[in-house]
Amino acid sequence: MKIKKVTKAVFPVAGMGTRFLPATKSIPKEIMTLVDRPLIQYAIDEARAAGIKDFIFVTSRGKSALEDYFDHSPELETALKRAGKTDLLEILKSTNMDSGAIAYVRQNRAMGLGHAVWCARKLVGDEPFAVLLPDDVIAAEKPCLQQMVEAYAETGGNMVAAMEVAPHRTSSYGVLDIDQDNGMIVRAKGMVEKPKPQEAPSNLAVIGRYILSPKIMTNLNKMKQGAGGEIQLTDAIAEEAASGKVFGYRFRGQRYDCGSKAGFLQATVAFGLSRPDLCEEFGAYLHDMMALQKAAQ
Ligand code: UTP
């Protein structure tokens, strides 16, 4: 079986980000900063490491800061060069994207993740493609999408990143109905969106990294015609499970849900502590805070 290489990635960033209001009234959630880089930068770096060449953003009104972020900034570059700040210049340059590498499509109404992905159908064409949700940030030695691309080269089909969650948390995720469990790779016979714990087929939850076949766009197309409310990506993927073409991949790494306030704060602590330039001062501060809290109890 010849499996086509994945070179395109879709970044759905058209959501309203209501959990971060009032900040998201004027700042796109994906521009919010984890230590010193916006969430979207982590997703872009992960995609690049996995061999992605074409970056497709599904945006909406009020997301122009996101588009501006990827523009080159000649004035800033000149000023840093003049001031001899070469380290900052290198950091700045590493965020530049080549002309034509990013394409933007609009989602006119927030009709769900499935609908957002469907909006990219013409740019994706008849090829497998990755989907990355920037609010899922994954700390990993080998970037998560790269792990998945390597596994996908063996399986083909559709692959979703999966992780075990506490049974009472299944109602926050898409959950896999497992057919065959081969350790890192699981073949799914179904997928259920946000099941109640007593109805969940497993506690293996799907998080925001996918490698999908163009067939998913066809499935979304059918749903688009019949749908009244939100269009779920999970349902379009689940349609492929009956023919054995959906795989869950238990990635190695730590995922942070930066779409929630608690997850964002946890990621800030973890990424702050992992930075050589910050860990000593920040670690000492956290240590003192804990001691103060203990003393107050
Ligand atoms: P979320 O479920 O986190 O929704 O979307 P949200 O609107 O971003 O945030 P809350 O729940 O209101 O706080 C998951 C991903 O899907 C994208 C979001 O931008 C995010 O990356 N999305 C969601 C769209 O692009 N369009 C949609 O209609 C819905």
# chains A, B, ... in the order shown; residues from 1 in each chain; ligands from 1
call {"tool": "residues_around", "arguments": {"residues": "Ile185 in chain A", "least_positions_apart": "2", "cutoff": "7 Å", "atoms": "only C-alpha atoms", "output": "PyMOL selection string"}}
result
chain A and resi 181-183+187+247-250
call {"tool": "write_last_selection", "arguments": {"atoms": "C-alpha atoms", "output": "PDB file, in the first residue's frame"}}
result
ATOM      1  CA  ASP A 181      -5.573  -2.462  21.212  1.00  0.00           C
ATOM      2  CA  ASN A 182      -1.992  -2.832  20.015  1.00  0.00           C
ATOM      3  CA  GLY A 183      -0.359  -0.593  22.630  1.00  0.00           C
ATOM      4  CA  ARG A 187      -7.882   0.406  15.913  1.00  0.00           C
ATOM      5  CA  PHE A 247      -6.633   4.572  14.489  1.00  0.00           C
ATOM      6  CA  GLY A 248      -5.963   6.123  17.864  1.00  0.00           C
ATOM      7  CA  TYR A 249      -2.331   6.929  18.654  1.00  0.00           C
ATOM      8  CA  ARG A 250      -1.215   6.991  22.281  1.00  0.00           C
TER       9      ARG A 250
END
call {"tool": "closest_atom_pairs", "arguments": {"of": "range 205-236 of chain A", "to": "range 143-156 of chain A", "cutoff": "12 Å", "atoms": "only C-alpha atoms", "output": "JSON lines"}}
result
{"residue": "A:Ile207", "atom": "CA", "partner": "A:Cys144", "partner_atom": "CA", "distance": 11.0}
{"residue": "A:Gly208", "atom": "CA", "partner": "A:Leu145", "partner_atom": "CA", "distance": 10.2}
{"residue": "A:Arg209", "atom": "CA", "partner": "A:Leu145", "partner_atom": "CA", "distance": 6.9}
{"residue": "A:Tyr210", "atom": "CA", "partner": "A:Leu145", "partner_atom": "CA", "distance": 8.1}
{"residue": "A:Ile211", "atom": "CA", "partner": "A:Val149", "partner_atom": "CA", "distance": 7.7}
{"residue": "A:Leu212", "atom": "CA", "partner": "A:Gly156", "partner_atom": "CA", "distance": 9.1}
{"residue": "A:Ser213", "atom": "CA", "partner": "A:Gly156", "partner_atom": "CA", "distance": 8.5}
{"residue": "A:Pro214", "atom": "CA", "partner": "A:Gly156", "partner_atom": "CA", "distance": 11.9}
call {"tool": "write_last_selection", "arguments": {"atoms": "N, CA, C and O atoms", "output": "tab-separated table (two decimals), in the first residue's frame"}}
result
chain	number	residue	atom	x	y	z
A	207	ILE	N	-7.60	13.97	21.48
A	207	ILE	CA	-7.22	15.38	21.69
A	207	ILE	C	-6.86	16.01	20.34
A	207	ILE	O	-6.92	15.34	19.32
A	208	GLY	N	-6.47	17.28	20.37
A	208	GLY	CA	-6.45	18.07	19.14
A	208	GLY	C	-5.35	17.88	18.12
A	208	GLY	O	-4.76	18.85	17.64
A	209	ARG	N	-5.04	16.64	17.77
A	209	ARG	CA	-4.12	16.37	16.66
A	209	ARG	C	-4.73	15.24	15.84
A	209	ARG	O	-5.07	14.17	16.40
A	210	TYR	N	-4.82	15.46	14.53
A	210	TYR	CA	-5.45	14.47	13.65
A	210	TYR	C	-4.66	14.37	12.36
A	210	TYR	O	-4.11	15.37	11.89
A	211	ILE	N	-4.65	13.18	11.76
A	211	ILE	CA	-4.23	13.04	10.36
A	211	ILE	C	-5.43	12.39	9.66
A	211	ILE	O	-5.89	11.31	10.07
A	212	LEU	N	-5.95	13.09	8.66
A	212	LEU	CA	-7.23	12.66	8.08
A	212	LEU	C	-7.13	12.43	6.58
A	212	LEU	O	-6.34	13.08	5.89
A	213	SER	N	-7.96	11.52	6.10
A	213	SER	CA	-8.01	11.25	4.67
A	213	SER	C	-9.00	12.23	4.03
A	213	SER	O	-9.89	12.75	4.71
A	214	PRO	N	-8.86	12.46	2.71
A	214	PRO	CA	-9.78	13.40	2.05
A	214	PRO	C	-11.24	12.94	2.15
A	214	PRO	O	-12.15	13.76	2.00
call {"tool": "closest_atom_pairs", "arguments": {"of": "chain A", "to": "ligand 1", "cutoff": "9 Å", "atoms": "only C-alpha atoms and all ligand atoms", "output": "Markdown table"}}
result
| residue | atom | partner | partner_atom_place_in_ligand_line | distance |
| --- | --- | --- | --- | --- |
| A:Phe11 | CA | ligand 1 | 21 (O) | 7.1 |
| A:Pro12 | CA | ligand 1 | 25 (O) | 3.9 |
| A:Val13 | CA | ligand 1 | 19 (O) | 3.4 |
| A:Ala14 | CA | ligand 1 | 25 (O) | 3.5 |
| A:Gly15 | CA | ligand 1 | 7 (O) | 3.3 |
| A:Met16 | CA | ligand 1 | 7 (O) | 3.8 |
| A:Gly17 | CA | ligand 1 | 9 (O) | 3.3 |
| A:Thr18 | CA | ligand 1 | 12 (O) | 3.6 |
| A:Arg19 | CA | ligand 1 | 13 (O) | 3.6 |
| A:Phe20 | CA | ligand 1 | 13 (O) | 6.1 |
| A:Leu21 | CA | ligand 1 | 13 (O) | 8.1 |
| A:Thr24 | CA | ligand 1 | 13 (O) | 8.9 |
| A:Pro28 | CA | ligand 1 | 19 (O) | 8.8 |
| A:Lys29 | CA | ligand 1 | 8 (O) | 7.2 |
| A:Glu30 | CA | ligand 1 | 21 (O) | 7.5 |
| A:Phe57 | CA | ligand 1 | 25 (O) | 8.8 |
| A:Val58 | CA | ligand 1 | 25 (O) | 6.1 |
| A:Thr59 | CA | ligand 1 | 25 (O) | 6.6 |
| A:Ser60 | CA | ligand 1 | 25 (O) | 7.9 |
| A:Gln107 | CA | ligand 1 | 26 (N) | 7.0 |
| A:Asn108 | CA | ligand 1 | 28 (O) | 8.9 |
| A:Arg109 | CA | ligand 1 | 28 (O) | 6.6 |
| A:Ala110 | CA | ligand 1 | 28 (O) | 3.2 |
| A:Met111 | CA | ligand 1 | 28 (O) | 4.1 |
| A:Gly112 | CA | ligand 1 | 28 (O) | 3.4 |
| A:Leu113 | CA | ligand 1 | 29 (C) | 4.5 |
| A:Gly114 | CA | ligand 1 | 27 (C) | 7.7 |
| A:His115 | CA | ligand 1 | 28 (O) | 6.5 |
| A:Ala116 | CA | ligand 1 | 26 (N) | 4.8 |
| A:Val117 | CA | ligand 1 | 25 (O) | 7.5 |
| A:Leu132 | CA | ligand 1 | 21 (O) | 7.9 |
| A:Leu133 | CA | ligand 1 | 21 (O) | 4.6 |
| A:Pro134 | CA | ligand 1 | 21 (O) | 5.7 |
| A:Asp135 | CA | ligand 1 | 21 (O) | 5.9 |
| A:Asp136 | CA | ligand 1 | 21 (O) | 8.3 |
| A:Gly208 | CA | ligand 1 | 15 (C) | 7.9 |
| A:Glu230 | CA | ligand 1 | 28 (O) | 7.4 |
| A:Ile231 | CA | ligand 1 | 28 (O) | 8.3 |
| A:Cys258 | CA | ligand 1 | 3 (O) | 8.8 |
| A:Gly259 | CA | ligand 1 | 3 (O) | 5.4 |
| A:Ser260 | CA | ligand 1 | 13 (O) | 7.1 |
call {"tool": "select_by_dssp", "arguments": {"residues": "range 144-280 of chain A", "states": "strand (DSSP E)", "output": "VMD selection string"}}
result
chain A and resid 158 to 164 174 to 182 185 to 193 204 to 212 246 to 250 254 to 257
call {"tool": "atom_distance", "arguments": {"atom1": "CA of Ala140 in chain A", "atom2": "CA of Arg255 in chain A"}}
result
8.6 Å
call {"tool": "residues_around", "arguments": {"residues": "Lys189 in chain A", "least_positions_apart": "4", "cutoff": "12 Å", "atoms": "only C-alpha atoms", "output": "list in words"}}
result
Val175, Leu176, Asp177, Ile178, Asp179, Gln180, Asp181, Pro201, Ser202, Ile237, Ala238, Glu239, Glu240, Ala241, Ala242, Ser243, Gly244, Lys245, Val246, Phe247 and Gly248 of chain A
call {"tool": "write_last_selection", "arguments": {"atoms": "all heavy atoms", "output": "compact mmCIF listing (two decimals), in the first residue's frame"}}
result
# COMPACT_ATOMS: atom_id res chain seq x y z
N VAL A 175 -14.51 10.17 22.40
CA VAL A 175 -13.96 8.96 23.03
C VAL A 175 -13.98 7.80 22.02
O VAL A 175 -14.95 7.63 21.27
CB VAL A 175 -14.77 8.61 24.30
CG1 VAL A 175 -14.36 7.26 24.87
CG2 VAL A 175 -14.58 9.70 25.35
N LEU A 176 -12.90 7.00 22.02
CA LEU A 176 -12.79 5.90 21.06
C LEU A 176 -13.47 4.63 21.56
O LEU A 176 -13.37 4.28 22.74
CB LEU A 176 -11.31 5.61 20.80
CG LEU A 176 -10.52 6.70 20.08
CD1 LEU A 176 -9.04 6.34 20.00
CD2 LEU A 176 -11.07 6.95 18.67
N ASP A 177 -14.14 3.96 20.64
CA ASP A 177 -14.67 2.63 20.90
C ASP A 177 -13.62 1.68 20.32
O ASP A 177 -13.41 1.62 19.10
CB ASP A 177 -16.03 2.49 20.16
CG ASP A 177 -16.76 1.22 20.57
OD1 ASP A 177 -16.17 0.43 21.33
OD2 ASP A 177 -17.89 1.03 20.12
N ILE A 178 -12.93 0.96 21.20
CA ILE A 178 -11.73 0.23 20.78
C ILE A 178 -12.10 -1.14 20.18
O ILE A 178 -12.84 -1.91 20.78
CB ILE A 178 -10.77 0.04 21.98
CG1 ILE A 178 -10.34 1.42 22.49
CG2 ILE A 178 -9.57 -0.81 21.59
CD1 ILE A 178 -9.58 1.39 23.79
N ASP A 179 -11.51 -1.40 19.01
CA ASP A 179 -11.69 -2.70 18.38
C ASP A 179 -10.48 -3.58 18.70
O ASP A 179 -10.61 -4.70 19.19
CB ASP A 179 -11.86 -2.47 16.85
CG ASP A 179 -12.07 -3.75 16.10
OD1 ASP A 179 -12.55 -4.72 16.71
OD2 ASP A 179 -11.74 -3.80 14.89
N GLN A 180 -9.29 -3.04 18.43
CA GLN A 180 -8.04 -3.78 18.66
C GLN A 180 -7.06 -2.86 19.36
O GLN A 180 -6.81 -1.76 18.86
CB GLN A 180 -7.45 -4.11 17.29
CG GLN A 180 -7.32 -5.58 16.97
CD GLN A 180 -6.77 -5.69 15.55
OE1 GLN A 180 -5.70 -5.18 15.23
NE2 GLN A 180 -7.53 -6.33 14.69
N ASP A 181 -6.53 -3.30 20.49
CA ASP A 181 -5.57 -2.46 21.21
C ASP A 181 -4.17 -3.03 21.04
O ASP A 181 -3.85 -4.09 21.58
CB ASP A 181 -5.96 -2.40 22.70
CG ASP A 181 -5.22 -1.29 23.41
OD1 ASP A 181 -4.12 -0.90 22.95
OD2 ASP A 181 -5.74 -0.79 24.44
N PRO A 201 -17.65 4.33 25.67
CA PRO A 201 -17.16 3.00 25.28
C PRO A 201 -15.77 2.69 25.83
O PRO A 201 -15.35 1.52 25.85
CB PRO A 201 -17.14 3.08 23.74
CG PRO A 201 -17.09 4.54 23.41
CD PRO A 201 -17.76 5.26 24.53
N SER A 202 -15.02 3.71 26.25
CA SER A 202 -13.70 3.51 26.88
C SER A 202 -13.35 4.82 27.57
O SER A 202 -14.17 5.74 27.60
CB SER A 202 -12.64 3.18 25.82
OG SER A 202 -12.28 4.36 25.09
N ILE A 237 -15.39 11.47 11.29
CA ILE A 237 -14.32 10.46 11.43
C ILE A 237 -14.95 9.11 11.78
O ILE A 237 -14.57 8.07 11.24
CB ILE A 237 -13.28 10.88 12.51
CG1 ILE A 237 -12.65 12.23 12.14
CG2 ILE A 237 -12.20 9.82 12.65
CD1 ILE A 237 -11.77 12.82 13.23
N ALA A 238 -15.95 9.15 12.66
CA ALA A 238 -16.60 7.90 13.11
C ALA A 238 -17.16 7.11 11.92
O ALA A 238 -17.16 5.88 11.94
CB ALA A 238 -17.69 8.21 14.12
N GLU A 239 -17.60 7.81 10.89
CA GLU A 239 -18.15 7.13 9.69
C GLU A 239 -17.13 6.20 9.05
O GLU A 239 -17.49 5.24 8.39
CB GLU A 239 -18.54 8.19 8.65
CG GLU A 239 -20.01 8.55 8.69
CD GLU A 239 -20.41 9.32 7.44
OE1 GLU A 239 -20.53 8.73 6.35
OE2 GLU A 239 -20.60 10.54 7.59
N GLU A 240 -15.86 6.53 9.22
CA GLU A 240 -14.80 5.70 8.61
C GLU A 240 -14.41 4.51 9.48
O GLU A 240 -13.69 3.62 9.04
CB GLU A 240 -13.55 6.56 8.34
CG GLU A 240 -13.77 7.68 7.35
CD GLU A 240 -14.33 7.16 6.04
OE1 GLU A 240 -13.62 6.44 5.34
OE2 GLU A 240 -15.51 7.47 5.72
N ALA A 241 -14.87 4.52 10.74
CA ALA A 241 -14.42 3.49 11.68
C ALA A 241 -14.97 2.11 11.31
O ALA A 241 -14.29 1.10 11.49
CB ALA A 241 -14.83 3.87 13.10
N ALA A 242 -16.18 2.08 10.76
CA ALA A 242 -16.81 0.79 10.43
C ALA A 242 -15.94 0.00 9.45
O ALA A 242 -15.89 -1.23 9.51
CB ALA A 242 -18.19 1.05 9.84
N SER A 243 -15.23 0.72 8.57
CA SER A 243 -14.37 0.01 7.62
C SER A 243 -12.93 -0.15 8.13
O SER A 243 -12.02 -0.45 7.36
CB SER A 243 -14.41 0.71 6.26
OG SER A 243 -14.22 2.09 6.42
N GLY A 244 -12.75 0.05 9.44
CA GLY A 244 -11.44 -0.22 10.05
C GLY A 244 -10.37 0.80 9.72
O GLY A 244 -9.17 0.50 9.80
N LYS A 245 -10.78 2.01 9.35
CA LYS A 245 -9.78 3.00 8.91
C LYS A 245 -9.55 4.13 9.91
O LYS A 245 -9.13 5.22 9.53
CB LYS A 245 -10.22 3.58 7.55
CG LYS A 245 -10.10 2.57 6.43
CD LYS A 245 -10.25 3.26 5.10
CE LYS A 245 -10.34 2.25 3.97
NZ LYS A 245 -11.45 2.53 3.07
N VAL A 246 -9.88 3.88 11.18
CA VAL A 246 -9.62 4.91 12.19
C VAL A 246 -8.70 4.33 13.27
O VAL A 246 -9.00 3.28 13.86
CB VAL A 246 -10.93 5.43 12.81
CG1 VAL A 246 -10.64 6.43 13.92
CG2 VAL A 246 -11.81 6.08 11.74
N PHE A 247 -7.60 5.02 13.50
CA PHE A 247 -6.63 4.57 14.49
C PHE A 247 -6.43 5.65 15.55
O PHE A 247 -6.38 6.83 15.23
CB PHE A 247 -5.28 4.29 13.82
CG PHE A 247 -5.36 3.23 12.76
CD1 PHE A 247 -5.57 3.59 11.43
CD2 PHE A 247 -5.28 1.88 13.09
CE1 PHE A 247 -5.69 2.62 10.45
CE2 PHE A 247 -5.40 0.90 12.10
CZ PHE A 247 -5.60 1.27 10.78
N GLY A 248 -6.33 5.21 16.78
CA GLY A 248 -5.96 6.12 17.86
C GLY A 248 -4.47 5.94 18.11
O GLY A 248 -3.96 4.81 18.02
call {"tool": "residues_around", "arguments": {"residues": "Ala139 in chain A", "least_positions_apart": "2", "cutoff": "12 Å", "atoms": "only C-alpha atoms", "output": "list of chain:residue names"}}
result
A:Tyr42, A:Ala43, A:Asp45, A:Glu46, A:Asp136, A:Val137, A:Glu141, A:Lys142, A:Pro143, A:Cys144, A:Leu145, A:Phe251, A:Arg252, A:Gly253, A:Gln254, A:Arg255, A:Tyr256, A:Asp257, A:Ala267, A:Thr268, A:Ala270, A:Phe271, A:Ser274
call {"tool": "write_last_selection", "arguments": {"atoms": "N, CA, C and O atoms", "output": "tab-separated table (two decimals), in the first residue's frame"}}
result
chain	number	residue	atom	x	y	z
A	42	TYR	N	3.50	27.46	18.98
A	42	TYR	CA	3.82	26.09	19.39
A	42	TYR	C	3.26	25.10	18.37
A	42	TYR	O	3.91	24.11	18.01
A	43	ALA	N	2.05	25.38	17.89
A	43	ALA	CA	1.42	24.47	16.92
A	43	ALA	C	2.15	24.51	15.58
A	43	ALA	O	2.37	23.47	14.94
A	45	ASP	N	5.33	25.29	15.08
A	45	ASP	CA	6.64	24.63	15.22
A	45	ASP	C	6.47	23.11	15.18
A	45	ASP	O	7.27	22.39	14.58
A	46	GLU	N	5.41	22.63	15.83
A	46	GLU	CA	5.16	21.17	15.84
A	46	GLU	C	4.87	20.68	14.42
A	46	GLU	O	5.36	19.62	14.00
A	136	ASP	N	-4.58	22.97	22.29
A	136	ASP	CA	-3.94	21.80	22.90
A	136	ASP	C	-2.45	21.94	22.68
A	136	ASP	O	-1.96	21.83	21.55
A	137	VAL	N	-1.72	22.21	23.76
A	137	VAL	CA	-0.27	22.35	23.65
A	137	VAL	C	0.35	21.09	24.23
A	137	VAL	O	-0.03	20.65	25.32
A	141	GLU	N	9.29	15.11	23.86
A	141	GLU	CA	10.66	15.07	23.35
A	141	GLU	C	10.63	15.07	21.82
A	141	GLU	O	11.29	15.86	21.18
A	142	LYS	N	9.83	14.14	21.26
A	142	LYS	CA	9.59	14.18	19.81
A	142	LYS	C	8.21	14.78	19.63
A	142	LYS	O	7.24	14.27	20.22
A	143	PRO	N	8.08	15.87	18.84
A	143	PRO	CA	6.78	16.53	18.74
A	143	PRO	C	5.66	15.55	18.35
A	143	PRO	O	5.87	14.63	17.57
A	144	CYS	N	4.48	15.76	18.95
A	144	CYS	CA	3.38	14.81	18.83
A	144	CYS	C	3.02	14.51	17.37
A	144	CYS	O	2.87	13.36	16.98
A	145	LEU	N	2.91	15.56	16.55
A	145	LEU	CA	2.49	15.31	15.16
A	145	LEU	C	3.54	14.49	14.41
A	145	LEU	O	3.22	13.66	13.57
A	251	PHE	N	0.11	9.01	22.09
A	251	PHE	CA	1.36	9.76	21.94
A	251	PHE	C	2.16	9.78	23.25
A	251	PHE	O	1.59	9.63	24.33
A	252	ARG	N	3.47	10.01	23.10
A	252	ARG	CA	4.30	10.19	24.29
A	252	ARG	C	4.45	11.69	24.51
A	252	ARG	O	4.94	12.40	23.62
A	253	GLY	N	4.02	12.17	25.66
A	253	GLY	CA	4.13	13.60	25.94
A	253	GLY	C	3.06	14.03	26.92
A	253	GLY	O	2.22	13.23	27.32
A	254	GLN	N	3.12	15.30	27.29
A	254	GLN	CA	2.17	15.85	28.24
A	254	GLN	C	1.32	16.90	27.54
A	254	GLN	O	1.85	17.85	26.98
A	255	ARG	N	0.01	16.68	27.55
A	255	ARG	CA	-0.88	17.62	26.86
A	255	ARG	C	-1.47	18.61	27.87
A	255	ARG	O	-1.85	18.23	28.98
A	256	TYR	N	-1.51	19.87	27.47
A	256	TYR	CA	-2.13	20.90	28.31
A	256	TYR	C	-3.32	21.48	27.56
A	256	TYR	O	-3.19	21.86	26.40
A	257	ASP	N	-4.45	21.56	28.24
A	257	ASP	CA	-5.66	22.12	27.63
A	257	ASP	C	-5.64	23.63	27.84
A	257	ASP	O	-6.20	24.14	28.81
A	267	ALA	N	0.00	24.96	32.16
A	267	ALA	CA	1.00	25.00	31.09
A	267	ALA	C	2.02	26.11	31.36
A	267	ALA	O	3.22	25.94	31.14
A	268	THR	N	1.54	27.24	31.87
A	268	THR	CA	2.44	28.36	32.15
A	268	THR	C	3.50	27.95	33.18
A	268	THR	O	4.69	28.23	33.03
A	270	ALA	N	4.45	24.79	33.90
A	270	ALA	CA	5.31	23.74	33.35
A	270	ALA	C	6.32	24.30	32.35
A	270	ALA	O	7.51	23.98	32.41
A	271	PHE	N	5.85	25.15	31.44
A	271	PHE	CA	6.76	25.70	30.42
A	271	PHE	C	7.73	26.70	31.04
A	271	PHE	O	8.87	26.79	30.64
A	274	SER	N	10.45	24.77	32.64
A	274	SER	CA	11.31	24.03	31.70
A	274	SER	C	12.28	24.95	30.96
A	274	SER	O	13.13	24.49	30.21
call {"tool": "residues_around", "arguments": {"residues": "range 65-72 of chain A", "least_positions_apart": "4", "cutoff": "9 Å", "atoms": "only C-alpha atoms", "output": "PDB file with N, CA and C atoms, in the first residue's frame"}}
result
ATOM      1  N   ILE A  27      -8.593  39.938  21.821  1.00  0.00           N
ATOM      2  CA  ILE A  27      -7.368  39.171  21.516  1.00  0.00           C
ATOM      3  C   ILE A  27      -7.780  37.761  21.098  1.00  0.00           C
ATOM      4  N   PRO A  28      -7.377  37.306  19.915  1.00  0.00           N
ATOM      5  CA  PRO A  28      -7.675  35.914  19.578  1.00  0.00           C
ATOM      6  C   PRO A  28      -7.017  34.985  20.608  1.00  0.00           C
ATOM      7  N   GLU A  30      -5.684  32.232  20.291  1.00  0.00           N
ATOM      8  CA  GLU A  30      -4.463  31.599  19.783  1.00  0.00           C
ATOM      9  C   GLU A  30      -3.241  32.509  19.859  1.00  0.00           C
ATOM     10  N   ILE A  31      -3.474  33.803  20.140  1.00  0.00           N
ATOM     11  CA  ILE A  31      -2.368  34.751  20.286  1.00  0.00           C
ATOM     12  C   ILE A  31      -1.980  34.888  21.751  1.00  0.00           C
ATOM     13  N   ILE A  40      -0.275  29.788  19.060  1.00  0.00           N
ATOM     14  CA  ILE A  40      -0.216  29.338  17.663  1.00  0.00           C
ATOM     15  C   ILE A  40       1.214  28.984  17.256  1.00  0.00           C
ATOM     16  N   THR A  59     -10.044  31.090   9.794  1.00  0.00           N
ATOM     17  CA  THR A  59     -10.192  32.208  10.728  1.00  0.00           C
ATOM     18  C   THR A  59     -11.609  32.770  10.690  1.00  0.00           C
ATOM     19  N   GLU A  77      13.321  44.194  12.775  1.00  0.00           N
ATOM     20  CA  GLU A  77      14.552  43.456  12.442  1.00  0.00           C
ATOM     21  C   GLU A  77      15.724  44.421  12.278  1.00  0.00           C
ATOM     22  N   LEU A  92      13.212  36.282  16.500  1.00  0.00           N
ATOM     23  CA  LEU A  92      12.207  36.933  15.651  1.00  0.00           C
ATOM     24  C   LEU A  92      12.140  36.254  14.281  1.00  0.00           C
ATOM     25  N   LYS A  93      13.318  35.981  13.712  1.00  0.00           N
ATOM     26  CA  LYS A  93      13.352  35.382  12.371  1.00  0.00           C
ATOM     27  C   LYS A  93      12.776  33.977  12.363  1.00  0.00           C
ATOM     28  N   THR A  95      10.247  32.977  13.648  1.00  0.00           N
ATOM     29  CA  THR A  95       8.781  32.980  13.562  1.00  0.00           C
ATOM     30  C   THR A  95       8.298  33.353  12.154  1.00  0.00           C
ATOM     31  N   ASN A  96       9.210  33.792  11.291  1.00  0.00           N
ATOM     32  CA  ASN A  96       8.805  34.208   9.943  1.00  0.00           C
ATOM     33  C   ASN A  96       8.318  33.012   9.126  1.00  0.00           C
ATOM     34  N   MET A  97       7.301  33.239   8.334  1.00  0.00           N
ATOM     35  CA  MET A  97       6.814  32.192   7.446  1.00  0.00           C
ATOM     36  C   MET A  97       7.130  32.624   6.016  1.00  0.00           C
ATOM     37  N   SER A  99       6.762  33.443   2.095  1.00  0.00           N
ATOM     38  CA  SER A  99       5.643  33.989   1.322  1.00  0.00           C
ATOM     39  C   SER A  99       4.871  32.842   0.683  1.00  0.00           C
ATOM     40  N   ILE A 102       1.354  30.302   3.992  1.00  0.00           N
ATOM     41  CA  ILE A 102       0.126  30.322   4.793  1.00  0.00           C
ATOM     42  C   ILE A 102      -1.040  30.758   3.927  1.00  0.00           C
ATOM     43  N   TYR A 104      -5.319  31.586   4.216  1.00  0.00           N
ATOM     44  CA  TYR A 104      -6.397  31.834   5.176  1.00  0.00           C
ATOM     45  C   TYR A 104      -7.742  31.629   4.497  1.00  0.00           C
TER      46      TYR A 104
END
call {"tool": "closest_residue", "arguments": {"among": "A:Lys25, A:Ala284, A:Gln266, A:Lys5", "to": "Gly62 in chain A", "atoms": "only C-alpha atoms"}}
result
A:Lys25
call {"tool": "atom_distance", "arguments": {"atom1": "CA of Ser94 in chain A", "atom2": "CA of Gly272 in chain A"}}
result
20.0 Å
call {"tool": "residues_around", "arguments": {"residues": "Met163 in chain A", "least_positions_apart": "5", "cutoff": "7 Å", "atoms": "only C-alpha atoms", "output": "list in words"}}
result
Leu204, Ala205, Val206 and Arg250 of chain A
call {"tool": "select_by_dssp", "arguments": {"residues": "range 44-175 of chain A", "states": "alpha helix (DSSP H)", "output": "JSON, numbers by chain"}}
result
{"A": [44, 45, 46, 47, 48, 49, 64, 65, 66, 67, 68, 69, 74, 75, 76, 77, 78, 79, 80, 81, 82, 86, 87, 88, 89, 90, 91, 92, 93, 113, 114, 115, 116, 117, 118, 121, 122, 123, 124, 144, 145, 146, 147, 148, 149, 150, 151, 152, 153, 154, 155]}
call {"tool": "atom_distance", "arguments": {"atom1": "CA of Asp36 in chain A", "atom2": "CA of Arg61 in chain A"}}
result
24.9 Å
call {"tool": "closest_residue", "arguments": {"among": "A:Gly174, A:Gly100, A:Gly84, A:Gly263", "to": "Ile138 in chain A", "atoms": "only C-alpha atoms"}}
result
A:Gly263
